[in-house]
Each structure stands twice: as structure tokens, then as C-alpha cells.
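start.cif follows; it contains mmCIF, C-alpha atoms.
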```
data_coords
#
loop_
_atom_site.label_atom_id
_atom_site.label_comp_id
_atom_site.auth_asym_id
_atom_site.auth_seq_id
_atom_site.Cartn_x
_atom_site.Cartn_y
_atom_site.Cartn_z
CA MET A 29 30.96 25.33 35.54
CA ARG A 30 29.63 28.33 33.58
CA ARG A 31 31.81 27.41 30.60
CA ALA A 32 30.43 23.83 30.62
CA LEU A 33 26.86 25.14 30.81
CA LEU A 34 27.50 27.60 27.97
CA LEU A 35 29.02 24.86 25.77
CA THR A 36 26.07 22.56 26.52
CA LEU A 37 23.55 25.27 25.59
CA MET A 38 25.44 26.04 22.36
CA ALA A 39 25.50 22.35 21.43
CA MET A 40 21.76 22.04 22.11
CA THR A 41 21.04 25.14 19.99
CA LEU A 42 23.05 23.79 17.07
CA SER A 43 21.34 20.39 17.29
CA LEU A 44 17.92 22.09 17.09
CA SER A 45 18.81 24.03 13.95
CA PRO A 46 17.03 22.77 10.85
CA ALA A 47 19.08 20.41 8.71
CA ARG A 48 20.15 21.82 5.39
CA ALA A 49 18.72 19.89 2.48
CA GLY A 50 21.04 18.83 -0.28
CA GLU A 51 20.35 19.00 -3.96
CA LEU A 52 18.85 15.89 -5.57
CA ASP A 53 18.84 15.04 -9.26
CA ARG A 54 15.19 13.94 -9.66
CA ALA A 55 16.13 12.20 -12.93
CA ALA A 56 18.34 9.89 -10.84
CA VAL A 57 16.23 9.50 -7.68
CA ASP A 58 12.65 10.61 -7.22
CA PHE A 59 10.33 10.38 -4.21
CA LYS A 60 7.09 11.58 -2.67
CA THR A 61 6.61 12.38 0.98
CA PRO A 62 3.42 11.06 2.60
CA SER A 63 1.73 14.47 2.24
CA GLU A 64 2.48 14.47 -1.52
CA ILE A 65 0.81 11.11 -2.18
CA ALA A 66 -2.60 11.72 -3.77
CA TRP A 67 -5.32 9.30 -2.65
CA ILE A 68 -8.43 8.88 -4.86
CA ARG A 69 -11.59 7.17 -3.56
CA ASN A 70 -13.10 4.54 -5.86
CA ALA A 71 -16.64 4.96 -7.21
CA ALA A 72 -18.08 2.39 -4.77
CA GLY A 73 -16.51 4.19 -1.80
CA THR A 74 -14.90 0.98 -0.51
CA ASN A 75 -11.28 2.04 -0.79
CA GLU A 76 -8.83 4.75 -1.81
CA GLN A 77 -5.97 4.30 -4.21
CA ALA A 78 -2.69 6.13 -4.82
CA VAL A 79 -0.68 5.33 -7.95
CA LEU A 80 3.00 5.66 -7.04
CA PHE A 81 4.54 4.47 -10.33
CA GLY A 82 3.34 3.63 -13.81
CA ASP A 83 -0.24 3.25 -14.94
CA PRO A 84 -1.96 0.04 -13.81
CA SER A 85 -4.45 0.28 -16.69
CA LYS A 86 -1.66 0.01 -19.30
CA PRO A 87 0.99 -2.59 -20.14
CA GLY A 88 4.12 -2.24 -18.00
CA PRO A 89 5.18 -2.12 -14.36
CA TYR A 90 3.14 -0.28 -11.74
CA VAL A 91 3.13 0.36 -7.98
CA VAL A 92 -0.11 1.27 -6.21
CA ARG A 93 -1.13 1.81 -2.58
CA ILE A 94 -4.65 0.80 -1.69
CA LYS A 95 -6.38 1.90 1.51
CA TRP A 96 -9.22 -0.50 2.28
CA LEU A 97 -11.86 0.89 4.60
CA PRO A 98 -13.15 -1.32 7.45
CA GLY A 99 -15.74 -3.92 6.47
CA ASN A 100 -14.92 -4.01 2.76
CA MET A 101 -13.87 -7.14 0.92
CA SER A 102 -13.59 -8.00 -2.75
CA ARG A 103 -15.66 -10.83 -4.19
CA PRO A 104 -13.96 -13.90 -5.75
CA HIS A 105 -11.92 -12.87 -8.79
CA PHE A 106 -8.61 -13.45 -10.53
CA HIS A 107 -5.97 -11.38 -12.31
CA PRO A 108 -4.16 -12.30 -15.54
CA ASN A 109 -0.72 -11.58 -14.03
CA ASP A 110 0.99 -12.20 -10.70
CA ARG A 111 0.56 -9.36 -8.21
CA PHE A 112 2.85 -8.70 -5.25
CA PHE A 113 1.75 -7.07 -1.98
CA VAL A 114 3.14 -5.75 1.27
CA VAL A 115 0.70 -5.03 4.08
CA LEU A 116 1.76 -1.60 5.34
CA SER A 117 -0.80 -1.19 8.14
CA GLY A 118 -3.77 -3.02 9.55
CA THR A 119 -4.62 -6.64 8.77
CA TRP A 120 -5.30 -7.93 5.25
CA TRP A 121 -7.73 -10.86 5.12
CA MET A 122 -7.51 -13.37 2.25
CA GLY A 123 -9.57 -16.28 1.00
CA THR A 124 -9.36 -18.58 -2.02
CA GLY A 125 -11.92 -20.28 -4.22
CA GLU A 126 -15.06 -19.29 -6.05
CA THR A 127 -17.35 -19.28 -2.98
CA PHE A 128 -17.20 -16.06 -0.97
CA ASP A 129 -16.86 -16.87 2.73
CA PRO A 130 -15.28 -14.07 4.84
CA GLU A 131 -15.34 -16.34 7.93
CA ARG A 132 -12.78 -18.65 6.27
CA THR A 133 -10.26 -15.91 5.44
CA VAL A 134 -6.69 -15.89 6.74
CA PRO A 135 -5.10 -12.76 8.30
CA ALA A 136 -1.91 -11.15 7.00
CA PRO A 137 -0.80 -8.55 9.58
CA ALA A 138 1.24 -5.41 8.84
CA GLY A 139 4.64 -6.33 7.46
CA SER A 140 3.36 -9.41 5.60
CA TYR A 141 4.34 -10.14 2.00
CA VAL A 142 1.66 -11.68 -0.24
CA ILE A 143 1.57 -12.99 -3.82
CA HIS A 144 -1.59 -13.39 -5.86
CA TYR A 145 -0.73 -15.77 -8.66
CA GLY A 146 -2.15 -14.96 -12.08
CA GLY A 147 -5.28 -16.90 -13.01
CA LYS A 148 -5.94 -18.12 -9.43
CA VAL A 149 -9.25 -17.21 -7.76
CA HIS A 150 -9.16 -15.29 -4.48
CA TYR A 151 -10.94 -12.59 -2.48
CA ASP A 152 -9.58 -10.25 0.15
CA GLY A 153 -10.02 -7.04 2.08
CA ALA A 154 -10.27 -5.36 5.46
CA LYS A 155 -12.54 -6.50 8.27
CA ASN A 156 -12.48 -4.37 11.43
CA GLU A 157 -9.82 -1.76 10.65
CA GLU A 158 -8.48 0.38 7.84
CA THR A 159 -5.79 -1.59 6.00
CA ILE A 160 -3.18 -0.19 3.62
CA ILE A 161 -1.44 -2.46 1.13
CA GLN A 162 1.15 -1.70 -1.51
CA VAL A 163 0.73 -3.63 -4.75
CA TRP A 164 3.08 -3.97 -7.69
CA GLY A 165 2.97 -5.99 -10.87
CA MET A 166 2.76 -5.77 -14.63
CA GLY A 167 -0.26 -4.09 -16.18
CA PRO A 168 -2.84 -3.97 -17.30
CA ALA A 169 -4.10 -4.75 -13.80
CA THR A 170 -7.50 -6.19 -14.54
CA ALA A 171 -9.76 -8.39 -12.41
CA THR A 172 -12.17 -11.02 -13.71
CA PRO A 173 -15.13 -11.98 -11.50
CA ALA A 174 -15.20 -15.69 -10.61
CA GLU A 175 -17.85 -16.08 -7.89
CA LYS A 176 -19.81 -19.30 -7.69
CA LYS A 177 -23.32 -18.55 -6.49
#
```
As C-alpha cells, what does this structure read like?
Amino acid sequence: MRRALLLTLMAMTLSLSPARAGELDRAAVDFKTPSEIAWIRNAAGTNEQAVLFGDPSKPGPYVVRIKWLPGNMSRPHFHPNDRFFVVLSGTWWMGTGETFDPERTVPAPAGSYVIHYGGKVHYDGAKNEETIIQVWGMGPATATPAEKK
């Protein structure tokens, strides 16, 4: 009985020991932990953005996370290139057309995959909760206003 208890305690102690990290060639595989991802708030204060790869203002591939704060939506606009999204948390609300009407938007819950096709007018954002999306595409990632007033 004592031997079984001693072996159980030793096994528990070993399982609680910190795992030893291996060496990783960062030229082969690179990563950032959540605490290493730098979020920057936009000038309007409506969202925060974290560039994970590339530079969305220049030609070439990019990956960006955008944290939309509750109650913030973009106005009708379009992008020159296709953009691909995954909703990481919250609900992303989307509408199409040149007339801004948040009541006619469609929800995309966390886990959804979304494509914004280049040259097509849309608007989107967060309604009642913070929403984080991950966007990737080919830069430059510009937006052209297209609202019909």
C-alpha cells in the first residue's frame, strides 16, 4: 500500500514538472504567442489591428487580425482584391450594397469563413460584442468608399 502511494506521488510530481522546450529553427517555423501579438488602435478608435505577416499597405501577401469594438461598423466600400476572413470570436455582421442598413446585415458567428470579392460593395462590423477576425489577402489592402446617400 505504501509503495503504491509512493509511486503515485512520484508520478504526480513528474507530471507537474515543467515541460522542456525544444530548439526551433525560426527560419523554418516562426510563431507568436498571444502575449507577443501587438495590437494597435486605429485613429478613429473603432478597432485594433495586429499585423501577423507581411505589410498590408504594400504589394504581396498579408495576414492581419482585427478586433472590432462593439457598435462599430464600416460604411459601404469595396477592395480591389479578394479578401479572406475567419471569425475568431464574437459575431461578424455583414451587408452588401451601396446603402448602409445595419438592420439588414447577416451574422457570421465565431468559426465562420468569409470572402469579400474584389470590386464588390459591402459593409460589416461588430454590433453588441467585441469581434475578432483574421484577414488575409494580397496587398495593397485599400478600401474605396461606395456609399449611396
| range 77-94 of chain A: which residues within 7 Å, counting only C-alpha atoms, same-chain residues fewer than 2 positions away excluded, as a list in words? |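 Here the answer would be Ile65, Ala66, Trp67, Ile68, Arg69, Asn75, Trp96, Ile160, Ile161, Gln162, Val163, Trp164, Gly165, Met166, Gly167, Pro168 and Ala169 of chain A.
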Using C-alpha atoms, can you export the residues from the last selection as a PDB file, in the coordinates of the input?
```pdb
ATOM      1  CA  ILE A  65       0.810  11.110  -2.180  1.00  0.00           C
ATOM      2  CA  ALA A  66      -2.600  11.720  -3.770  1.00  0.00           C
ATOM      3  CA  TRP A  67      -5.320   9.300  -2.650  1.00  0.00           C
ATOM      4  CA  ILE A  68      -8.430   8.880  -4.860  1.00  0.00           C
ATOM      5  CA  ARG A  69     -11.590   7.170  -3.560  1.00  0.00           C
ATOM      6  CA  ASN A  75     -11.280   2.040  -0.790  1.00  0.00           C
ATOM      7  CA  TRP A  96      -9.220  -0.500   2.280  1.00  0.00           C
ATOM      8  CA  ILE A 160      -3.180  -0.190   3.620  1.00  0.00           C
ATOM      9  CA  ILE A 161      -1.440  -2.460   1.130  1.00  0.00           C
ATOM     10  CA  GLN A 162       1.150  -1.700  -1.510  1.00  0.00           C
ATOM     11  CA  VAL A 163       0.730  -3.630  -4.750  1.00  0.00           C
ATOM     12  CA  TRP A 164       3.080  -3.970  -7.690  1.00  0.00           C
ATOM     13  CA  GLY A 165       2.970  -5.990 -10.870  1.00  0.00           C
ATOM     14  CA  MET A 166       2.760  -5.770 -14.630  1.00  0.00           C
ATOM     15  CA  GLY A 167      -0.260  -4.090 -16.180  1.00  0.00           C
ATOM     16  CA  PRO A 168      -2.840  -3.970 -17.300  1.00  0.00           C
ATOM     17  CA  ALA A 169      -4.100  -4.750 -13.800  1.00  0.00           C
TER      18      ALA A 169
END
```
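Going from CA of Pro108 in chain A to CA of Val149 in chain A covers 10.5 Å.
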| request: Evaluate the PyMOL selection byres ((chain A and resi 159) around 7) on the structure here and hand back the selected residues as a list in words. | output: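 In the shown coordinates, the PyMOL selection byres ((chain A and resi 159) around 7) covers Lys95, Trp96, Leu97, Ser117, Gly118, Thr119, Trp120, Ala154, Glu157, Glu158, Ile160 and Ile161 of chain A.
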| said: Residues within 12 Å of Phe128 in chain A, please, as JSON, numbers by chain. Count all atoms listed in the file; anything in the same chain fewer than 5 positions from it doesn't count. | reply: {"A": [101, 102, 103, 104, 105, 122, 123, 133, 149, 150, 151, 152, 153, 173, 174, 175, 176, 177]}
Would you write out those residues with C-alpha atoms, as a CSV table (one decimal), keeping the file's coordinate frame?
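The resulting file, result32.csv, is shown below:
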```csv
chain,number,residue,atom,x,y,z
A,101,MET,CA,-13.9,-7.1,0.9
A,102,SER,CA,-13.6,-8.0,-2.8
A,103,ARG,CA,-15.7,-10.8,-4.2
A,104,PRO,CA,-14.0,-13.9,-5.8
A,105,HIS,CA,-11.9,-12.9,-8.8
A,122,MET,CA,-7.5,-13.4,2.2
A,123,GLY,CA,-9.6,-16.3,1.0
A,133,THR,CA,-10.3,-15.9,5.4
A,149,VAL,CA,-9.2,-17.2,-7.8
A,150,HIS,CA,-9.2,-15.3,-4.5
A,151,TYR,CA,-10.9,-12.6,-2.5
A,152,ASP,CA,-9.6,-10.2,0.2
A,153,GLY,CA,-10.0,-7.0,2.1
A,173,PRO,CA,-15.1,-12.0,-11.5
A,174,ALA,CA,-15.2,-15.7,-10.6
A,175,GLU,CA,-17.8,-16.1,-7.9
A,176,LYS,CA,-19.8,-19.3,-7.7
A,177,LYS,CA,-23.3,-18.6,-6.5
```
| d(CA of Glu51 in chain A, CA of Leu116 in chain A) in Å |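 About the pair CA of Glu51 in chain A and CA of Leu116 in chain A: they are 29.3 Å apart.
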All file atoms of range 168-174 of chain A boxed axis-aligned, 6 Å per side, centre plus edges, as AutoDock Vina command-line options:
```
--center_x -9.0 --center_y -9.8 --center_z -14.0 --size_x 24.4 --size_y 23.7 --size_z 18.7
```
| Just how far from CA of Gly99 in chain A is CA of Lys148 in chain A, in Å to one decimal? |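 It comes out at 23.5 Å.
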| said: Could you check the closest approach to Tyr141 in chain A for each of A:Asp58, A:Val114, A:Lys155, A:His107 and tell me which residue wins, using all atoms listed in the file? | reply: A:Val114
| Between A:Glu131, A:Asp110, A:Glu126, A:Glu64, which has the minimum distance to Gly147 in chain A (counting all atoms listed in the file)? |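 Checking each of A:Glu131, A:Asp110, A:Glu126, A:Glu64 against Gly147 in chain A, counting all atoms listed in the file, the winner is A:Asp110.
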